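Asker: Just so it is clear, I am handing over upload_11.cif, which has mmCIF, C-alpha atoms.
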data_protein
#
loop_
_atom_site.label_atom_id
_atom_site.label_comp_id
_atom_site.auth_asym_id
_atom_site.auth_seq_id
_atom_site.Cartn_x
_atom_site.Cartn_y
_atom_site.Cartn_z
CA MET U 1 14.02 -0.52 -19.49
CA ASN U 2 15.98 -0.67 -22.75
CA ALA U 3 14.56 -0.02 -26.21
CA ILE U 4 13.74 -3.67 -26.87
CA ASP U 5 11.90 -4.01 -23.57
CA GLN U 6 10.02 -0.80 -24.29
CA LYS U 7 8.98 -2.14 -27.67
CA GLY U 8 7.94 -5.42 -26.05
CA PHE U 9 5.78 -3.56 -23.59
CA ASP U 10 4.15 -1.45 -26.26
CA ARG U 11 3.02 -4.73 -27.74
CA SER U 12 1.68 -5.80 -24.34
CA CYS U 13 -1.37 -3.51 -24.61
CA TRP U 14 -4.71 -5.20 -25.11
CA SER U 15 -6.98 -4.32 -27.97
CA LEU U 16 -10.69 -3.79 -27.56
CA VAL U 17 -12.75 -5.99 -29.87
CA GLU U 18 -16.24 -5.15 -28.64
CA SER U 19 -17.93 -3.30 -25.80
CA ARG U 20 -21.57 -3.86 -24.88
CA LYS U 21 -23.52 -1.96 -22.25
CA VAL U 22 -24.99 -4.53 -19.84
CA PHE U 23 -26.27 -2.19 -17.11
CA ASP U 24 -27.15 1.48 -17.42
CA ALA U 25 -28.28 3.99 -14.80
CA GLY U 26 -27.48 7.02 -16.97
CA ASN U 27 -24.52 9.20 -16.10
CA ARG U 28 -24.38 7.76 -12.58
CA LEU U 29 -23.41 4.17 -13.37
CA ARG U 30 -22.76 2.14 -16.47
CA VAL U 31 -21.42 -1.42 -16.76
CA LEU U 32 -19.80 -2.52 -20.02
CA ARG U 33 -18.96 -6.10 -20.97
CA GLN U 34 -15.90 -5.98 -23.16
CA THR U 35 -14.29 -8.46 -25.51
CA VAL U 36 -10.53 -7.90 -25.48
CA CYS U 37 -7.67 -9.41 -27.43
CA LEU U 38 -4.48 -10.13 -25.46
CA PRO U 39 -0.95 -9.78 -26.93
CA ASP U 40 -0.79 -13.57 -27.51
CA ASN U 41 -4.08 -13.34 -29.49
CA ARG U 42 -6.15 -14.96 -26.76
CA ILE U 43 -9.69 -13.54 -26.67
CA VAL U 44 -11.40 -12.74 -23.35
CA ASP U 45 -15.10 -12.03 -23.89
CA ASP U 46 -16.21 -11.09 -20.38
CA TYR U 47 -13.95 -8.30 -19.09
CA TYR U 48 -16.08 -5.75 -17.25
CA ARG U 49 -15.60 -2.03 -17.20
CA ILE U 50 -17.55 0.06 -14.69
CA ASP U 51 -18.08 3.79 -15.22
CA LEU U 52 -18.96 6.04 -12.29
CA PRO U 53 -18.59 9.82 -12.57
CA SER U 54 -15.07 11.19 -12.24
CA PHE U 55 -14.48 13.42 -9.25
CA ALA U 56 -12.12 15.90 -7.63
CA THR U 57 -10.54 15.53 -4.18
CA ILE U 58 -8.95 18.46 -2.38
CA TYR U 59 -6.27 18.66 0.31
CA ALA U 60 -6.89 22.23 1.51
CA LEU U 61 -4.54 23.83 4.01
CA THR U 62 -5.33 27.00 5.98
CA GLU U 63 -2.76 29.70 6.76
CA ASP U 64 -2.33 28.30 10.29
CA GLY U 65 -1.52 24.78 9.12
CA ASN U 66 -4.88 23.03 9.45
CA VAL U 67 -6.28 20.65 6.85
CA LEU U 68 -10.01 20.88 6.04
CA LEU U 69 -11.77 17.57 6.66
CA LEU U 70 -15.41 16.54 6.82
CA ARG U 71 -16.86 14.20 9.39
CA GLN U 72 -19.82 12.45 7.82
CA TYR U 73 -21.62 9.17 7.33
CA LYS U 74 -20.48 7.49 4.11
CA HIS U 75 -22.72 4.68 2.91
CA GLY U 76 -19.88 2.94 1.04
CA VAL U 77 -18.01 2.68 4.35
CA GLY U 78 -21.14 2.05 6.42
CA GLU U 79 -20.15 4.42 9.21
CA VAL U 80 -19.30 7.99 10.20
CA CYS U 81 -15.72 8.78 9.16
CA LEU U 82 -13.37 11.55 8.07
CA THR U 83 -13.14 12.47 4.39
CA LEU U 84 -11.41 15.12 2.34
CA PRO U 85 -13.68 17.61 0.53
CA GLY U 86 -14.50 16.82 -3.08
CA GLY U 87 -17.19 15.74 -5.42
CA GLN U 88 -18.36 14.81 -8.84
CA ILE U 89 -17.15 16.62 -11.94
CA GLU U 90 -20.17 17.55 -14.04
CA PRO U 91 -19.99 16.58 -17.74
CA GLY U 92 -17.90 19.14 -19.63
CA GLU U 93 -16.75 20.88 -16.45
CA ASP U 94 -13.08 21.71 -15.90
CA PRO U 95 -11.78 19.53 -13.02
CA GLU U 96 -10.15 22.44 -11.15
CA PHE U 97 -13.32 24.51 -11.47
CA SER U 98 -15.27 21.56 -10.00
CA ALA U 99 -12.74 21.22 -7.20
CA ARG U 100 -13.00 24.91 -6.26
CA ARG U 101 -16.82 24.76 -6.38
CA GLU U 102 -16.96 21.61 -4.25
CA LEU U 103 -14.54 23.03 -1.66
CA LEU U 104 -16.61 26.20 -1.34
CA GLU U 105 -19.92 24.31 -1.15
CA GLU U 106 -18.71 21.73 1.33
CA THR U 107 -16.56 23.88 3.61
CA GLY U 108 -17.17 27.59 2.85
CA TYR U 109 -13.42 27.96 2.17
CA GLY U 110 -11.71 29.06 -1.04
CA GLY U 111 -9.00 31.18 -2.57
CA GLY U 112 -5.35 30.36 -1.99
CA ARG U 113 -2.70 28.78 -4.18
CA TRP U 114 -3.74 25.65 -6.06
CA LEU U 115 -1.52 22.80 -7.25
CA GLN U 116 -2.60 19.87 -9.36
CA GLY U 117 -1.45 16.34 -8.57
CA PRO U 118 -1.55 13.38 -10.94
CA SER U 119 -5.01 12.07 -11.79
CA LEU U 120 -5.57 8.46 -10.77
CA VAL U 121 -8.01 5.66 -11.57
CA LEU U 122 -9.80 3.77 -8.80
CA HIS U 123 -9.27 0.22 -10.07
CA GLY U 124 -6.56 -1.22 -12.30
CA ASN U 125 -8.94 -3.64 -14.02
CA GLN U 126 -12.44 -2.13 -13.95
CA ARG U 127 -11.31 1.51 -13.90
CA ILE U 128 -14.48 2.77 -12.04
CA ALA U 129 -13.66 6.51 -12.18
CA ARG U 130 -10.85 9.03 -12.46
CA ALA U 131 -9.90 11.01 -9.34
CA HIS U 132 -8.43 14.47 -9.95
CA ILE U 133 -6.21 15.47 -7.02
CA TYR U 134 -5.70 19.07 -5.90
CA VAL U 135 -3.66 20.69 -3.16
CA ALA U 136 -4.80 24.17 -2.08
CA GLN U 137 -2.57 26.20 0.23
CA HIS U 138 -3.57 29.33 2.18
CA VAL U 139 -7.33 28.82 1.76
CA ILE U 140 -9.55 31.27 3.68
CA LYS U 141 -13.12 31.22 4.90
CA LEU U 142 -15.33 32.92 2.32
CA GLY U 143 -18.80 31.96 3.51
CA GLU U 144 -20.97 29.25 4.96
CA ALA U 145 -20.95 25.65 3.76
CA GLY U 146 -24.06 24.21 2.15
CA SER U 147 -23.45 21.42 -0.33
CA GLY U 148 -26.94 19.98 -0.75
CA ASP U 149 -25.42 16.50 -0.41
CA LEU U 150 -27.46 13.68 1.11
CA GLU U 151 -25.02 13.42 4.02
CA GLU U 152 -25.03 15.69 7.07
CA THR U 153 -21.47 16.92 7.42
CA GLN U 154 -19.36 18.56 10.11
CA LEU U 155 -16.27 20.58 9.15
CA VAL U 156 -13.16 19.48 11.06
CA LEU U 157 -9.89 21.45 10.99
CA LYS U 158 -7.04 19.10 11.83
CA PRO U 159 -3.37 20.10 12.21
CA ARG U 160 -1.43 18.85 9.20
CA GLN U 161 0.96 16.79 11.37
CA ASP U 162 -1.97 14.84 12.91
CA LEU U 163 -3.25 13.58 9.57
CA ARG U 164 -0.87 10.67 9.17
CA ARG U 165 -1.76 9.23 12.57
CA ALA U 166 -5.48 9.55 11.73
CA MET U 167 -4.76 7.76 8.45
CA LEU U 168 -2.91 4.88 10.16
CA GLN U 169 -5.74 4.50 12.66
CA GLY U 170 -8.22 4.03 9.83
CA GLU U 171 -10.09 7.29 10.48
CA LEU U 172 -9.83 8.13 6.75
CA PRO U 173 -11.07 4.84 5.27
CA ILE U 174 -11.26 5.68 1.54
CA THR U 175 -8.32 4.93 -0.80
CA THR U 176 -8.55 8.19 -2.78
CA HIS U 177 -8.29 10.33 0.36
CA VAL U 178 -5.25 8.46 1.68
CA ALA U 179 -3.66 8.71 -1.78
CA THR U 180 -4.38 12.46 -1.85
CA ILE U 181 -2.72 12.99 1.54
CA GLY U 182 0.41 11.17 0.31
CA ILE U 183 0.55 13.26 -2.86
CA ALA U 184 -0.10 16.51 -0.96
CA GLU U 185 2.62 15.82 1.62
CA THR U 186 5.08 15.01 -1.16
CA LEU U 187 4.22 18.17 -3.11
CA LEU U 188 4.38 20.38 0.00
CA GLU U 189 7.74 18.89 1.07
CA ALA U 190 9.10 19.52 -2.43
CA ILE U 191 7.93 23.16 -2.22
CA SER U 192 9.37 23.69 1.26
CA ARG U 193 12.75 22.35 0.04
CA GLY U 194 12.49 24.96 -2.74
CA MET G 1 -16.58 16.35 19.19
CA ASN G 2 -18.55 16.45 22.45
CA ALA G 3 -21.04 13.83 23.63
CA ILE G 4 -24.04 15.58 22.09
CA ASP G 5 -22.31 15.87 18.71
CA GLN G 6 -21.31 12.23 18.92
CA LYS G 7 -24.92 11.26 19.58
CA GLY G 8 -26.03 13.45 16.67
CA PHE G 9 -23.58 11.70 14.37
CA ASP G 10 -24.65 8.26 15.52
CA ARG G 11 -28.10 9.29 14.34
CA SER G 12 -26.62 10.37 11.01
CA CYS G 13 -26.19 6.77 9.80
CA TRP G 14 -28.54 5.67 7.03
CA SER G 15 -30.68 2.60 7.37
CA LEU G 16 -31.06 0.05 4.63
CA VAL G 17 -34.70 -0.56 3.68
CA GLU G 18 -34.21 -2.88 0.72
CA SER G 19 -31.44 -4.20 -1.49
CA ARG G 20 -32.09 -5.74 -4.90
CA LYS G 21 -29.52 -7.35 -7.17
CA VAL G 22 -29.77 -5.62 -10.57
CA PHE G 23 -26.66 -7.06 -12.24
CA ASP G 24 -24.83 -10.24 -11.39
CA ALA G 25 -21.64 -11.74 -12.82
CA GLY G 26 -21.11 -14.14 -9.89
CA ASN G 27 -18.31 -13.46 -7.44
CA ARG G 28 -16.62 -11.12 -9.92
CA LEU G 29 -19.18 -8.31 -10.04
CA ARG G 30 -22.54 -7.62 -8.50
CA VAL G 31 -24.59 -4.41 -8.63
CA LEU G 32 -27.23 -3.82 -5.94
CA ARG G 33 -29.93 -1.16 -6.08
CA GLN G 34 -30.63 -0.11 -2.51
CA THR G 35 -33.47 1.76 -0.89
CA VAL G 36 -32.07 3.74 2.05
CA CYS G 37 -33.68 5.88 4.72
CA LEU G 38 -31.81 9.09 5.63
CA PRO G 39 -31.71 10.52 9.20
CA ASP G 40 -34.47 13.03 8.30
CA ASN G 41 -36.66 10.11 7.14
CA ARG G 42 -36.27 10.89 3.45
CA ILE G 43 -36.25 7.74 1.32
CA VAL G 44 -33.79 7.31 -1.56
CA ASP G 45 -34.74 4.30 -3.69
CA ASP G 46 -31.90 4.22 -6.20
CA TYR G 47 -28.60 4.17 -4.30
CA TYR G 48 -26.22 1.76 -6.00
CA ARG G 49 -23.72 -0.51 -4.34
CA ILE G 50 -21.11 -2.27 -6.46
CA ASP G 51 -19.30 -5.36 -5.21
CA LEU G 52 -16.00 -6.40 -6.75
CA PRO G 53 -13.72 -8.89 -4.96
CA SER G 54 -11.66 -7.50 -2.10
CA PHE G 55 -7.92 -7.61 -2.59
CA ALA G 56 -4.54 -7.24 -0.93
CA THR G 57 -1.84 -4.76 -1.93
CA ILE G 58 1.76 -5.14 -0.75
CA TYR G 59 4.59 -2.62 -0.29
CA ALA G 60 7.52 -5.04 -0.16
CA LEU G 61 10.99 -3.78 0.68
CA THR G 62 14.19 -5.75 0.10
CA GLU G 63 17.16 -5.72 2.50
CA ASP G 64 18.98 -3.22 0.25
CA GLY G 65 16.13 -0.70 0.24
CA ASN G 66 14.36 -1.47 -3.03
CA VAL G 67 10.58 -1.65 -3.39
CA LEU G 68 9.13 -4.43 -5.55
CA LEU G 69 7.02 -3.04 -8.39
CA LEU G 70 5.50 -4.55 -11.50
CA ARG G 71 5.50 -2.91 -14.90
CA GLN G 72 2.47 -4.14 -16.78
CA TYR G 73 -0.44 -3.18 -18.98
CA LYS G 74 -3.54 -2.46 -16.87
CA HIS G 75 -6.78 -2.37 -18.81
CA GLY G 76 -8.47 -0.04 -16.30
CA VAL G 77 -5.69 2.48 -16.93
CA GLY G 78 -5.44 1.71 -20.65
CA GLU G 79 -1.65 1.68 -20.72
CA VAL G 80 1.54 0.13 -19.37
CA CYS G 81 2.25 1.46 -15.88
CA LEU G 82 3.84 0.63 -12.54
CA THR G 83 1.79 -1.19 -9.90
CA LEU G 84 2.43 -2.69 -6.50
CA PRO G 85 2.06 -6.47 -6.20
CA GLY G 86 -1.28 -7.72 -4.97
CA GLY G 87 -4.41 -9.52 -5.95
CA GLN G 88 -7.80 -10.84 -5.16
CA ILE G 89 -8.61 -12.44 -1.82
CA GLU G 90 -10.37 -15.73 -2.45
CA PRO G 91 -13.63 -16.27 -0.54
CA GLY G 92 -12.86 -17.41 3.02
CA GLU G 93 -9.13 -16.76 2.62
CA ASP G 94 -7.19 -14.82 5.28
CA PRO G 95 -6.10 -11.46 3.75
CA GLU G 96 -2.47 -11.77 4.90
CA PHE G 97 -2.27 -15.31 3.53
CA SER G 98 -3.58 -13.97 0.19
CA ALA G 99 -1.08 -11.14 0.28
CA ARG G 100 1.87 -13.52 0.88
CA ARG G 101 0.65 -15.85 -1.89
CA GLU G 102 0.20 -12.99 -4.38
CA LEU G 103 3.63 -11.53 -3.59
CA LEU G 104 5.29 -14.91 -4.15
CA GLU G 105 3.33 -15.62 -7.35
CA GLU G 106 3.86 -12.18 -8.85
CA THR G 107 7.47 -11.50 -7.82
CA GLY G 108 9.06 -14.70 -6.50
CA TYR G 109 9.82 -12.86 -3.23
CA GLY G 110 8.62 -13.68 0.27
CA GLY G 111 9.58 -14.00 3.92
CA GLY G 112 10.48 -10.93 5.93
CA ARG G 113 8.61 -8.98 8.56
CA TRP G 114 5.00 -8.13 7.76
CA LEU G 115 2.95 -5.21 9.05
CA GLN G 116 -0.73 -4.64 8.44
CA GLY G 117 -2.05 -1.19 7.55
CA PRO G 118 -5.67 -0.08 7.80
CA SER G 119 -8.06 -1.65 5.31
CA LEU G 120 -9.73 0.86 3.00
CA VAL G 121 -12.74 0.98 0.67
CA LEU G 122 -12.38 2.16 -2.92
CA HIS G 123 -15.39 4.48 -3.07
CA GLY G 124 -17.19 6.39 -0.31
CA ASN G 125 -20.61 5.93 -1.92
CA GLN G 126 -20.57 2.72 -3.97
CA ARG G 127 -17.93 0.93 -1.87
CA ILE G 128 -16.64 -1.27 -4.79
CA ALA G 129 -14.16 -3.38 -2.78
CA ARG G 130 -12.02 -3.45 0.33
CA ALA G 131 -8.26 -3.08 -0.08
CA HIS G 132 -6.12 -4.77 2.60
CA ILE G 133 -2.78 -3.02 2.86
CA TYR G 134 0.46 -4.77 3.87
CA VAL G 135 4.02 -3.63 4.35
CA ALA G 136 6.68 -6.37 4.15
CA GLN G 137 10.26 -5.52 5.17
CA HIS G 138 13.37 -7.62 4.45
CA VAL G 139 11.73 -9.78 1.75
CA ILE G 140 14.05 -12.17 -0.09
CA LYS G 141 13.94 -13.95 -3.43
CA LEU G 142 12.52 -17.43 -2.92
CA GLY G 143 11.84 -18.51 -6.50
CA GLU G 144 10.61 -17.50 -9.90
CA ALA G 145 7.49 -15.44 -10.49
CA GLY G 146 4.55 -16.96 -12.33
CA SER G 147 1.18 -15.54 -11.45
CA GLY G 148 -1.00 -16.89 -14.25
CA ASP G 149 -2.52 -13.39 -14.59
CA LEU G 150 -3.73 -12.20 -17.98
CA GLU G 151 -1.12 -9.43 -18.02
CA GLU G 152 2.55 -9.90 -18.97
CA THR G 153 4.54 -8.40 -16.14
CA GLN G 154 8.10 -7.24 -15.57
CA LEU G 155 9.51 -7.05 -12.03
CA VAL G 156 11.06 -3.66 -11.28
CA LEU G 157 13.13 -2.98 -8.14
CA LYS G 158 13.04 0.73 -7.40
CA PRO G 159 14.95 2.48 -4.58
CA ARG G 160 12.49 3.49 -1.86
CA GLN G 161 13.45 7.18 -2.12
CA ASP G 162 12.54 7.23 -5.85
CA LEU G 163 8.96 6.12 -5.30
CA ARG G 164 7.50 9.49 -4.36
CA ARG G 165 8.83 11.13 -7.52
CA ALA G 166 7.39 8.28 -9.63
CA MET G 167 4.07 8.78 -7.82
CA LEU G 168 4.02 12.55 -8.53
CA GLN G 169 4.83 11.92 -12.17
CA GLY G 170 1.79 9.67 -12.51
CA GLU G 171 3.82 6.49 -13.08
CA LEU G 172 1.70 4.73 -10.42
CA PRO G 173 -1.78 5.69 -11.65
CA ILE G 174 -4.02 3.64 -9.31
CA THR G 175 -5.41 5.16 -6.08
CA THR G 176 -4.86 2.06 -3.92
CA HIS G 177 -1.16 1.88 -4.79
CA VAL G 178 -0.55 5.55 -4.01
CA ALA G 179 -2.48 5.14 -0.74
CA THR G 180 -0.38 2.06 0.12
CA ILE G 181 2.87 3.96 -0.45
CA GLY G 182 1.68 6.74 1.89
CA ILE G 183 0.73 4.24 4.58
CA ALA G 184 3.97 2.27 4.17
CA GLU G 185 6.17 5.37 4.40
CA THR G 186 4.29 6.49 7.53
CA LEU G 187 4.62 3.05 9.16
CA LEU G 188 8.32 2.76 8.27
CA GLU G 189 9.08 6.27 9.57
CA ALA G 190 7.27 5.43 12.82
CA ILE G 191 9.39 2.26 13.16
CA SER G 192 12.66 4.06 12.41
CA ARG G 193 11.84 6.65 15.09
CA GLY G 194 11.35 3.66 17.42
#
Let's see the structure in the file written out as structure tokens.
Answerer:
Amino acid sequence: MNAIDQKGFDRSCWSLVESRKVFDAGNRLRVLRQTVCLPDNRIVDDYYRIDLPSFATIYALTEDGNVLLLRQYKHGVGEVCLTLPGGQIEPGEDPEFSARRELLEETGYGGGRWLQGPSLVLHGNQRIARAHIYVAQHVIKLGEAGSGDLEETQLVLKPRQDLRRAMLQGELPITTHVATIGIAETLLEAISRG
Amino acid sequence: MNAIDQKGFDRSCWSLVESRKVFDAGNRLRVLRQTVCLPDNRIVDDYYRIDLPSFATIYALTEDGNVLLLRQYKHGVGEVCLTLPGGQIEPGEDPEFSARRELLEETGYGGGRWLQGPSLVLHGNQRIARAHIYVAQHVIKLGEAGSGDLEETQLVLKPRQDLRRAMLQGELPITTHVATIGIAETLLEAISRG
């Protein structure tokens, strides 16, 4: 993109005219109705933004090449499925601290070498939440799992090379987890190439 | 997982006791407050489900190995970024038909050989929407783009091998698009291995 294009695209941002809360369940869920002004000065007065808590997702690899997964019922999916460990970032909490806490609570594993991936949003229009992506190599078992989550979970150690097949077969049915696997594989390949 | 575990996990599904609409913006956004019964008979009376329209996302590859991307402002991200083509599936519409229509409208490209990936949900708890993932090889330019979307978009053809670096650098900041790239690369590698 040349300088003129870049300038054109800077002008393509929308400006926020007004934002009204139209549904509120505290920190857990908030819906805002926004009035936005487009670059051509058109006004859109019913653009919705949805705020759920941001969260961390962790691709954690053991010394012997297994990835830590959880088999659990997820109500958003409506069935038992595989997920990556992770969870909500409490207000004011550092995302990596949250990620380490969630991994320990959900799996009993910790330690190792941690890498941070890009943080992503869940929806290009309504935003929904920010997902903070971590890759942890050489994690070790430090204790017993016990997350206090509503779901009953089973820890599953799956060889790294089996993850992509599981993903294609729909066994990991949540976008953030599939995105995290792609980022983790890319980061790990970059490291192994040196 | 053995048969007893499998049985245990079948029992781990939650049952829906009641579902009340608490916010409604028609087909565009609906918030439901659900009462659910957990496997240990605990009742949770404030589990939220959010329904946004389901959509298709397309990883489209030209004959000369470029992936079709759009550079545009996305309000959920708050800045100009790269996205994959895609869009909302109209009620009753076949997801692949939607995907082909969106690709043509947004990029002017079509045809080629289409593969379907797994469909994914955006959030393990609140669901949000279902993303239908497509990989289109050998697409060709059929006409001019003109989607009628609110965003001004610029078509960007990026060599396939540059996509992972762009992803790591946060240039594609939406979970579904990163997930789609991971699925597409896995499908294409499986094909090239035969």
Asker: How many Å separate CA of Thr180 (chain U) from CA of Gln126 (chain U)?
Answerer: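 Spanning CA of Thr180 (chain U) to CA of Gln126 (chain U) is a straight-line distance of 20.6 Å.
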Asker: Identify which of the residues U:Arg164, U:Lys21, U:Arg101, U:His177 lies closest to Ala145 (chain U), counting only C-alpha atoms when measuring atom-to-atom distances.
Answerer: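 For Ala145 (chain U), the nearest of the given residues is U:Arg101.
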Asker: Counting only C-alpha atoms, which residues of chain U fall within 8 Å of chain G, and what is the closest atom pair for each with its distance in Å at one decimal, ordered by chain and rising number, as JSON lines?
Answerer:
{"residue": "U:Phe9", "atom": "CA", "partner": "G:Val80", "partner_atom": "CA", "distance": 7.0}
{"residue": "U:Asp10", "atom": "CA", "partner": "G:Val80", "partner_atom": "CA", "distance": 7.5}
{"residue": "U:Ser12", "atom": "CA", "partner": "G:Tyr73", "partner_atom": "CA", "distance": 6.3}
{"residue": "U:Cys13", "atom": "CA", "partner": "G:Tyr73", "partner_atom": "CA", "distance": 5.7}
{"residue": "U:Trp14", "atom": "CA", "partner": "G:His75", "partner_atom": "CA", "distance": 7.2}
{"residue": "U:Phe23", "atom": "CA", "partner": "G:Phe23", "partner_atom": "CA", "distance": 6.9}
{"residue": "U:Leu38", "atom": "CA", "partner": "G:Leu150", "partner_atom": "CA", "distance": 7.8}
{"residue": "U:Arg49", "atom": "CA", "partner": "G:Gly76", "partner_atom": "CA", "distance": 7.5}
{"residue": "U:Gln72", "atom": "CA", "partner": "G:Phe9", "partner_atom": "CA", "distance": 7.6}
{"residue": "U:Tyr73", "atom": "CA", "partner": "G:Cys13", "partner_atom": "CA", "distance": 5.7}
{"residue": "U:Lys74", "atom": "CA", "partner": "G:Gly124", "partner_atom": "CA", "distance": 5.6}
{"residue": "U:His75", "atom": "CA", "partner": "G:Asn125", "partner_atom": "CA", "distance": 5.4}
{"residue": "U:Gly76", "atom": "CA", "partner": "G:Arg127", "partner_atom": "CA", "distance": 4.0}
{"residue": "U:Val77", "atom": "CA", "partner": "G:Gly124", "partner_atom": "CA", "distance": 6.0}
{"residue": "U:Gly78", "atom": "CA", "partner": "G:Cys13", "partner_atom": "CA", "distance": 7.7}
{"residue": "U:Glu79", "atom": "CA", "partner": "G:Cys13", "partner_atom": "CA", "distance": 6.5}
{"residue": "U:Val80", "atom": "CA", "partner": "G:Cys13", "partner_atom": "CA", "distance": 7.0}
{"residue": "U:Gly117", "atom": "CA", "partner": "G:Leu168", "partner_atom": "CA", "distance": 6.7}
{"residue": "U:Pro118", "atom": "CA", "partner": "G:Gly170", "partner_atom": "CA", "distance": 5.2}
{"residue": "U:Ser119", "atom": "CA", "partner": "G:Pro173", "partner_atom": "CA", "distance": 7.2}
{"residue": "U:Leu120", "atom": "CA", "partner": "G:Pro173", "partner_atom": "CA", "distance": 4.8}
{"residue": "U:Val121", "atom": "CA", "partner": "G:Ile174", "partner_atom": "CA", "distance": 5.0}
{"residue": "U:Leu122", "atom": "CA", "partner": "G:Thr175", "partner_atom": "CA", "distance": 5.3}
{"residue": "U:His123", "atom": "CA", "partner": "G:Gly76", "partner_atom": "CA", "distance": 6.3}
{"residue": "U:Gly124", "atom": "CA", "partner": "G:Gly76", "partner_atom": "CA", "distance": 4.6}
{"residue": "U:Asn125", "atom": "CA", "partner": "G:Gly76", "partner_atom": "CA", "distance": 4.3}
{"residue": "U:Gln126", "atom": "CA", "partner": "G:Gly76", "partner_atom": "CA", "distance": 5.1}
{"residue": "U:Arg127", "atom": "CA", "partner": "G:Gly76", "partner_atom": "CA", "distance": 4.0}
{"residue": "U:Ile128", "atom": "CA", "partner": "G:Gly76", "partner_atom": "CA", "distance": 7.9}
{"residue": "U:Leu150", "atom": "CA", "partner": "G:Leu38", "partner_atom": "CA", "distance": 7.8}
{"residue": "U:Glu151", "atom": "CA", "partner": "G:Ser12", "partner_atom": "CA", "distance": 7.8}
{"residue": "U:Glu152", "atom": "CA", "partner": "G:Ser12", "partner_atom": "CA", "distance": 6.8}
{"residue": "U:Arg164", "atom": "CA", "partner": "G:Thr186", "partner_atom": "CA", "distance": 6.8}
{"residue": "U:Met167", "atom": "CA", "partner": "G:Ile183", "partner_atom": "CA", "distance": 7.6}
{"residue": "U:Leu168", "atom": "CA", "partner": "G:Pro118", "partner_atom": "CA", "distance": 6.1}
{"residue": "U:Gln169", "atom": "CA", "partner": "G:Pro118", "partner_atom": "CA", "distance": 6.7}
{"residue": "U:Gly170", "atom": "CA", "partner": "G:Pro118", "partner_atom": "CA", "distance": 5.2}
{"residue": "U:Pro173", "atom": "CA", "partner": "G:Leu120", "partner_atom": "CA", "distance": 4.8}
{"residue": "U:Ile174", "atom": "CA", "partner": "G:Val121", "partner_atom": "CA", "distance": 5.0}
{"residue": "U:Thr175", "atom": "CA", "partner": "G:Leu122", "partner_atom": "CA", "distance": 5.4}
{"residue": "U:Thr176", "atom": "CA", "partner": "G:Thr175", "partner_atom": "CA", "distance": 5.5}
{"residue": "U:His177", "atom": "CA", "partner": "G:Ala179", "partner_atom": "CA", "distance": 7.9}
{"residue": "U:Val178", "atom": "CA", "partner": "G:Ala179", "partner_atom": "CA", "distance": 5.0}
{"residue": "U:Ala179", "atom": "CA", "partner": "G:Ala179", "partner_atom": "CA", "distance": 3.9}
{"residue": "U:Thr180", "atom": "CA", "partner": "G:Ala179", "partner_atom": "CA", "distance": 7.6}
{"residue": "U:Ile181", "atom": "CA", "partner": "G:Gly182", "partner_atom": "CA", "distance": 7.7}
{"residue": "U:Gly182", "atom": "CA", "partner": "G:Gly182", "partner_atom": "CA", "distance": 4.9}
{"residue": "U:Ile183", "atom": "CA", "partner": "G:Leu168", "partner_atom": "CA", "distance": 6.7}
{"residue": "U:Thr186", "atom": "CA", "partner": "G:Arg164", "partner_atom": "CA", "distance": 6.8}
{"residue": "U:Leu187", "atom": "CA", "partner": "G:Leu168", "partner_atom": "CA", "distance": 7.8}
Asker: Which residues match the PyMOL selection byres ((chain G and resi 67) around 6) in the file above, as an mmCIF file with C-alpha atoms, keeping the file's coordinate frame?
Answerer:
data_model
loop_
_atom_site.group_PDB
_atom_site.id
_atom_site.type_symbol
_atom_site.label_atom_id
_atom_site.label_comp_id
_atom_site.auth_asym_id
_atom_site.auth_seq_id
_atom_site.Cartn_x
_atom_site.Cartn_y
_atom_site.Cartn_z
ATOM 1 C CA ALA G 60 7.520 -5.040 -0.160
ATOM 2 C CA LEU G 61 10.990 -3.780 0.680
ATOM 3 C CA ASN G 66 14.360 -1.470 -3.030
ATOM 4 C CA LEU G 68 9.130 -4.430 -5.550
ATOM 5 C CA LEU G 157 13.130 -2.980 -8.140
ATOM 6 C CA LYS G 158 13.040 0.730 -7.400
ATOM 7 C CA ARG G 160 12.490 3.490 -1.860
#
Asker: When you draw a straight line from CA of Ala166 (chain U) to CA of Phe55 (chain U), how long is it in Å?
Answerer: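 Atom-to-atom, CA of Ala166 (chain U) to CA of Phe55 (chain U), that is 23.2 Å.
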Asker: Give me, please, the distance in Å between CA of Gln88 (chain G) and CA of Glu18 (chain U), quoted to one decimal.
Answerer: 25.6 Å
Asker: Tell me, as a count of residues only, which residues lie within 10 Å of Glu96 (chain G), counting all atoms listed in the file; anything in the same chain fewer than 3 positions away does not count.
Answerer: 15
